[in-house]
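What follows is entry.pdb (PDB, C-alpha atoms, pLDDT in the B column).
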```pdb
ATOM      1  CA  MET A   1     -30.949  12.903   1.924  1.00 57.00           C
ATOM      2  CA  SER A   2     -29.756   9.561   3.294  1.00 58.00           C
ATOM      3  CA  VAL A   3     -29.160   8.966   6.950  1.00 55.00           C
ATOM      4  CA  PRO A   4     -25.774   7.367   7.748  1.00 56.00           C
ATOM      5  CA  GLU A   5     -25.867   3.847   9.133  1.00 55.00           C
ATOM      6  CA  PRO A   6     -25.312   3.893  12.896  1.00 51.00           C
ATOM      7  CA  ALA A   7     -22.071   2.465  14.174  1.00 51.00           C
ATOM      8  CA  ALA A   8     -22.270  -1.017  15.604  1.00 54.00           C
ATOM      9  CA  PRO A   9     -20.992  -1.455  19.137  1.00 57.00           C
ATOM     10  CA  ALA A  10     -17.245  -1.842  19.373  1.00 62.00           C
ATOM     11  CA  ALA A  11     -16.041  -5.422  19.168  1.00 79.00           C
ATOM     12  CA  GLN A  12     -12.784  -6.520  20.660  1.00 86.00           C
ATOM     13  CA  ALA A  13     -10.068  -7.404  18.157  1.00 93.00           C
ATOM     14  CA  PHE A  14      -6.353  -8.102  18.512  1.00 95.00           C
ATOM     15  CA  TRP A  15      -3.475  -6.102  17.040  1.00 95.00           C
ATOM     16  CA  CYS A  16      -0.477  -8.356  16.335  1.00 96.00           C
ATOM     17  CA  GLU A  17       3.095  -7.231  15.701  1.00 97.00           C
ATOM     18  CA  ARG A  18       6.283  -9.078  14.942  1.00 97.00           C
ATOM     19  CA  VAL A  19       9.344  -6.846  15.164  1.00 96.00           C
ATOM     20  CA  THR A  20      12.751  -8.147  14.127  1.00 96.00           C
ATOM     21  CA  PHE A  21      15.752  -6.164  15.357  1.00 96.00           C
ATOM     22  CA  ARG A  22      19.107  -6.364  13.549  1.00 93.00           C
ATOM     23  CA  THR A  23      20.956  -7.288  16.753  1.00 89.00           C
ATOM     24  CA  ILE A  24      20.245  -8.914  20.100  1.00 84.00           C
ATOM     25  CA  GLU A  25      20.647  -5.472  21.701  1.00 85.00           C
ATOM     26  CA  ALA A  26      17.421  -4.476  19.857  1.00 81.00           C
ATOM     27  CA  ASP A  27      18.914  -1.196  18.746  1.00 85.00           C
ATOM     28  CA  GLU A  28      17.815  -1.091  15.091  1.00 93.00           C
ATOM     29  CA  ILE A  29      14.640  -2.441  13.510  1.00 94.00           C
ATOM     30  CA  ALA A  30      15.110  -4.714  10.502  1.00 95.00           C
ATOM     31  CA  GLU A  31      11.481  -5.663   9.830  1.00 95.00           C
ATOM     32  CA  VAL A  32       7.985  -5.069  11.206  1.00 96.00           C
ATOM     33  CA  ARG A  33       4.917  -7.156  10.389  1.00 96.00           C
ATOM     34  CA  ARG A  34       1.466  -6.138  11.616  1.00 96.00           C
ATOM     35  CA  SER A  35      -1.955  -7.710  11.393  1.00 93.00           C
ATOM     36  CA  SER A  36      -5.310  -7.750  13.111  1.00 93.00           C
ATOM     37  CA  THR A  37      -7.452 -10.707  14.054  1.00 93.00           C
ATOM     38  CA  PRO A  38     -10.900 -10.954  15.657  1.00 93.00           C
ATOM     39  CA  ARG A  39     -10.052 -13.831  18.035  1.00 95.00           C
ATOM     40  CA  PRO A  40      -7.316 -14.184  20.673  1.00 96.00           C
ATOM     41  CA  ALA A  41      -6.676 -17.818  19.670  1.00 96.00           C
ATOM     42  CA  ASP A  42      -5.852 -16.677  16.120  1.00 96.00           C
ATOM     43  CA  ALA A  43      -3.359 -14.136  17.429  1.00 96.00           C
ATOM     44  CA  ILE A  44      -1.580 -16.734  19.560  1.00 96.00           C
ATOM     45  CA  ARG A  45      -1.684 -19.229  16.686  1.00 96.00           C
ATOM     46  CA  GLN A  46       0.215 -16.715  14.503  1.00 96.00           C
ATOM     47  CA  ILE A  47       3.000 -16.517  17.091  1.00 96.00           C
ATOM     48  CA  ARG A  48       3.107 -20.293  17.559  1.00 96.00           C
ATOM     49  CA  VAL A  49       3.431 -20.906  13.807  1.00 96.00           C
ATOM     50  CA  ASP A  50       6.240 -18.328  13.530  1.00 95.00           C
ATOM     51  CA  VAL A  51       8.151 -19.681  16.512  1.00 96.00           C
ATOM     52  CA  ARG A  52       7.805 -23.292  15.346  1.00 96.00           C
ATOM     53  CA  SER A  53       9.198 -22.356  11.926  1.00 96.00           C
ATOM     54  CA  LEU A  54      12.266 -20.797  13.574  1.00 95.00           C
ATOM     55  CA  ALA A  55      12.807 -23.514  16.197  1.00 95.00           C
ATOM     56  CA  PRO A  56      14.958 -25.907  14.109  1.00 96.00           C
ATOM     57  CA  GLU A  57      17.508 -23.107  13.562  1.00 94.00           C
ATOM     58  CA  LEU A  58      17.750 -22.075  17.230  1.00 94.00           C
ATOM     59  CA  PRO A  59      20.540 -23.099  19.602  1.00 92.00           C
ATOM     60  CA  PRO A  60      19.418 -25.909  21.951  1.00 94.00           C
ATOM     61  CA  LEU A  61      18.678 -23.741  25.008  1.00 92.00           C
ATOM     62  CA  GLU A  62      16.753 -21.118  23.014  1.00 93.00           C
ATOM     63  CA  ARG A  63      14.906 -23.860  21.098  1.00 95.00           C
ATOM     64  CA  HIS A  64      13.846 -25.486  24.377  1.00 95.00           C
ATOM     65  CA  ARG A  65      12.619 -22.135  25.728  1.00 94.00           C
ATOM     66  CA  ALA A  66      10.743 -21.366  22.496  1.00 96.00           C
ATOM     67  CA  LEU A  67       9.077 -24.761  22.235  1.00 95.00           C
ATOM     68  CA  SER A  68       8.193 -24.697  25.938  1.00 94.00           C
ATOM     69  CA  TRP A  69       6.337 -21.434  25.326  1.00 95.00           C
ATOM     70  CA  VAL A  70       4.660 -22.774  22.168  1.00 95.00           C
ATOM     71  CA  ASP A  71       3.615 -26.124  23.633  1.00 92.00           C
ATOM     72  CA  GLY A  72       3.162 -25.221  27.271  1.00 85.00           C
ATOM     73  CA  GLY A  73       2.183 -22.639  29.777  1.00 84.00           C
ATOM     74  CA  GLY A  74       3.525 -19.604  27.943  1.00 89.00           C
ATOM     75  CA  CYS A  75       1.009 -19.574  25.141  1.00 91.00           C
ATOM     76  CA  ILE A  76      -1.781 -20.590  27.532  1.00 93.00           C
ATOM     77  CA  GLY A  77      -0.921 -17.681  29.815  1.00 94.00           C
ATOM     78  CA  ALA A  78      -0.788 -15.332  26.824  1.00 95.00           C
ATOM     79  CA  LEU A  79      -4.199 -16.515  25.661  1.00 95.00           C
ATOM     80  CA  GLY A  80      -5.580 -15.952  29.161  1.00 94.00           C
ATOM     81  CA  ALA A  81      -4.159 -12.422  29.204  1.00 95.00           C
ATOM     82  CA  LEU A  82      -5.868 -11.595  25.909  1.00 96.00           C
ATOM     83  CA  HIS A  83      -9.185 -12.930  27.197  1.00 94.00           C
ATOM     84  CA  ARG A  84      -8.780 -10.603  30.200  1.00 94.00           C
ATOM     85  CA  GLY A  85      -8.152  -7.679  27.832  1.00 93.00           C
ATOM     86  CA  GLU A  86      -4.420  -7.501  28.620  1.00 95.00           C
ATOM     87  CA  PRO A  87      -1.542  -7.413  26.115  1.00 96.00           C
ATOM     88  CA  CYS A  88       0.932 -10.268  25.835  1.00 96.00           C
ATOM     89  CA  GLY A  89       4.107 -11.145  23.974  1.00 95.00           C
ATOM     90  CA  PHE A  90       7.085 -13.388  23.440  1.00 96.00           C
ATOM     91  CA  SER A  91      10.651 -12.766  22.288  1.00 95.00           C
ATOM     92  CA  LEU A  92      13.725 -14.748  21.331  1.00 94.00           C
ATOM     93  CA  SER A  93      17.137 -14.428  19.764  1.00 92.00           C
ATOM     94  CA  HIS A  94      17.623 -15.935  16.322  1.00 90.00           C
ATOM     95  CA  ARG A  95      20.859 -15.891  14.286  1.00 90.00           C
ATOM     96  CA  GLY A  96      22.128 -12.749  15.988  1.00 91.00           C
ATOM     97  CA  THR A  97      18.798 -10.911  15.721  1.00 92.00           C
ATOM     98  CA  TRP A  98      16.129 -10.273  18.334  1.00 95.00           C
ATOM     99  CA  ILE A  99      12.477 -10.990  17.501  1.00 96.00           C
ATOM    100  CA  GLU A 100       9.527  -9.742  19.544  1.00 96.00           C
ATOM    101  CA  TRP A 101       5.883 -10.709  19.093  1.00 97.00           C
ATOM    102  CA  THR A 102       3.223  -8.611  20.808  1.00 97.00           C
ATOM    103  CA  VAL A 103      -0.565  -8.771  20.800  1.00 97.00           C
ATOM    104  CA  ARG A 104      -2.788  -6.000  22.133  1.00 96.00           C
ATOM    105  CA  PRO A 105      -6.570  -5.980  22.423  1.00 95.00           C
ATOM    106  CA  TYR A 106      -8.342  -2.992  20.857  1.00 91.00           C
ATOM    107  CA  ALA A 107     -11.893  -1.912  20.100  1.00 88.00           C
ATOM    108  CA  ALA A 108     -12.824  -2.492  16.440  1.00 78.00           C
ATOM    109  CA  ILE A 109     -15.801  -0.446  15.338  1.00 72.00           C
ATOM    110  CA  HIS A 110     -17.856  -1.639  12.370  1.00 64.00           C
ATOM    111  CA  VAL A 111     -19.460   1.188  10.389  1.00 67.00           C
ATOM    112  CA  GLY A 112     -21.358   0.760   7.133  1.00 64.00           C
ATOM    113  CA  GLY A 113     -19.816  -2.605   6.248  1.00 62.00           C
ATOM    114  CA  ARG A 114     -16.317  -1.377   7.034  1.00 60.00           C
ATOM    115  CA  THR A 115     -14.090  -2.101  10.007  1.00 58.00           C
ATOM    116  CA  ARG A 116     -12.102   0.667  11.658  1.00 57.00           C
ATOM    117  CA  LEU A 117      -8.580  -0.601  12.325  1.00 56.00           C
ATOM    118  CA  PRO A 118      -5.707   0.977  14.272  1.00 49.00           C
ATOM    119  CA  VAL A 119      -2.543   2.356  12.778  1.00 51.00           C
ATOM    120  CA  LEU A 120       0.405   2.877  15.088  1.00 46.00           C
ATOM    121  CA  GLY A 121       1.305   6.503  15.526  1.00 45.00           C
ATOM    122  CA  GLY A 122       4.434   7.054  17.583  1.00 44.00           C
ATOM    123  CA  GLY A 123       6.464   4.043  16.544  1.00 47.00           C
ATOM    124  CA  VAL A 124       6.800   0.365  17.217  1.00 46.00           C
ATOM    125  CA  GLY A 125       5.162  -0.782  20.413  1.00 47.00           C
ATOM    126  CA  THR A 126       2.885   2.222  20.855  1.00 45.00           C
ATOM    127  CA  ALA A 127      -0.829   1.888  21.351  1.00 43.00           C
ATOM    128  CA  PRO A 128      -3.099   2.280  18.322  1.00 44.00           C
ATOM    129  CA  VAL A 129      -3.839   5.995  18.002  1.00 38.00           C
ATOM    130  CA  VAL A 130      -5.147   6.673  14.487  1.00 35.00           C
ATOM    131  CA  ALA A 131      -7.806   4.721  12.643  1.00 39.00           C
ATOM    132  CA  CYS A 132      -8.008   3.609   9.035  1.00 38.00           C
ATOM    133  CA  THR A 133     -10.713   1.574   7.372  1.00 38.00           C
ATOM    134  CA  ARG A 134     -10.851  -1.820   5.732  1.00 39.00           C
ATOM    135  CA  ASP A 135     -13.749  -3.358   3.851  1.00 38.00           C
ATOM    136  CA  HIS A 136     -15.460  -5.913   6.048  1.00 36.00           C
ATOM    137  CA  ALA A 137     -16.028  -9.102   4.073  1.00 36.00           C
TER     138      ALA A 137
END
```
Let me see whether you can do it: turn the structure in this file into structure tokens.
Amino acid sequence: MSVPEPAAPAAQAFWCERVTFRTIEADEIAEVRRSSTPRPADAIRQIRVDVRSLAPELPPLERHRALSWVDGGGCIGALGALHRGEPCGFSLSHRGTWIEWTVRPYAAIHVGGRTRLPVLGGGVGTAPVVACTRDHA
């Protein structure tokens, strides 16, 4: 009879979401992208890359606001929040849609070479409530 490998202590990881709503009123979801990353800087980098790719298509005022967040205090403040274990986010309007990026810290538990990852239960923006596994490379 083999004894199961003990669980490693929980490590902090970061749950990233990008939700695109069909309208600026954010009444209907058009697309949701989710990922997990082990470092807060990687989570913020994902948002910065996304926002930079959209910036050329934004109206001047929205572009200025977006690039100010990307290149200035907004992303630095978001990174600080993640290091403190707090969630952060950014949102903007783009071609009549509304896009929201959120990042939430969570405890990732490594068991037997696998990483337990969250799956959202109650809908977009809810805390991770159910776990699934992913091979840990």
Selection near segment 76-90 of chain A, 10 Å with all atoms listed in the file, sequence-local residues under 5 positions removed, as a PDB file with C-alpha atoms, in the frame of the given file:
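Contents of the output file out.pdb:
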```pdb
ATOM      1  CA  GLN A  12     -12.784  -6.520  20.660  1.00 86.00           C
ATOM      2  CA  ALA A  13     -10.068  -7.404  18.157  1.00 93.00           C
ATOM      3  CA  PHE A  14      -6.353  -8.102  18.512  1.00 95.00           C
ATOM      4  CA  TRP A  15      -3.475  -6.102  17.040  1.00 95.00           C
ATOM      5  CA  CYS A  16      -0.477  -8.356  16.335  1.00 96.00           C
ATOM      6  CA  GLU A  17       3.095  -7.231  15.701  1.00 97.00           C
ATOM      7  CA  ARG A  18       6.283  -9.078  14.942  1.00 97.00           C
ATOM      8  CA  ARG A  39     -10.052 -13.831  18.035  1.00 95.00           C
ATOM      9  CA  PRO A  40      -7.316 -14.184  20.673  1.00 96.00           C
ATOM     10  CA  ALA A  41      -6.676 -17.818  19.670  1.00 96.00           C
ATOM     11  CA  ASP A  42      -5.852 -16.677  16.120  1.00 96.00           C
ATOM     12  CA  ALA A  43      -3.359 -14.136  17.429  1.00 96.00           C
ATOM     13  CA  ILE A  44      -1.580 -16.734  19.560  1.00 96.00           C
ATOM     14  CA  ARG A  45      -1.684 -19.229  16.686  1.00 96.00           C
ATOM     15  CA  ILE A  47       3.000 -16.517  17.091  1.00 96.00           C
ATOM     16  CA  ARG A  48       3.107 -20.293  17.559  1.00 96.00           C
ATOM     17  CA  VAL A  51       8.151 -19.681  16.512  1.00 96.00           C
ATOM     18  CA  ALA A  66      10.743 -21.366  22.496  1.00 96.00           C
ATOM     19  CA  TRP A  69       6.337 -21.434  25.326  1.00 95.00           C
ATOM     20  CA  VAL A  70       4.660 -22.774  22.168  1.00 95.00           C
ATOM     21  CA  ASP A  71       3.615 -26.124  23.633  1.00 92.00           C
ATOM     22  CA  ILE A  99      12.477 -10.990  17.501  1.00 96.00           C
ATOM     23  CA  GLU A 100       9.527  -9.742  19.544  1.00 96.00           C
ATOM     24  CA  TRP A 101       5.883 -10.709  19.093  1.00 97.00           C
ATOM     25  CA  THR A 102       3.223  -8.611  20.808  1.00 97.00           C
ATOM     26  CA  VAL A 103      -0.565  -8.771  20.800  1.00 97.00           C
ATOM     27  CA  ARG A 104      -2.788  -6.000  22.133  1.00 96.00           C
ATOM     28  CA  PRO A 105      -6.570  -5.980  22.423  1.00 95.00           C
ATOM     29  CA  TYR A 106      -8.342  -2.992  20.857  1.00 91.00           C
TER      30      TYR A 106
END
```
Between atom CA of Leu67 of chain A and atom CA of Thr97 of chain A, distance in Å (one decimal)
18.1 Å
Which distance in Å separates atom CA of Gly96 of chain A and atom CA of Arg22 of chain A, to one decimal?
7.5 Å
To one decimal place in Å, what is the distance between atom CA of Trp98 of chain A and atom CA of Val32 of chain A?
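Straight-line distance from atom CA of Trp98 of chain A to atom CA of Val32 of chain A works out to 12.0 Å.
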Counting only C-alpha atoms, the option among A:Val49, A:Val19, A:Leu61, A:Leu92 closest to Arg34 of chain A:
A:Val19
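Of the residues listed (A:Arg95, A:Glu28, A:Ala107, A:Ser36), A:Arg95 shows the shortest atom-to-atom separation from Pro56 of chain A; distances use all atoms listed in the file.
The closest residue to Pro38 of chain A, picked from A:Ile109, A:Ala55, A:Ala26, A:Cys75 and counting all atoms listed in the file, is A:Ile109.
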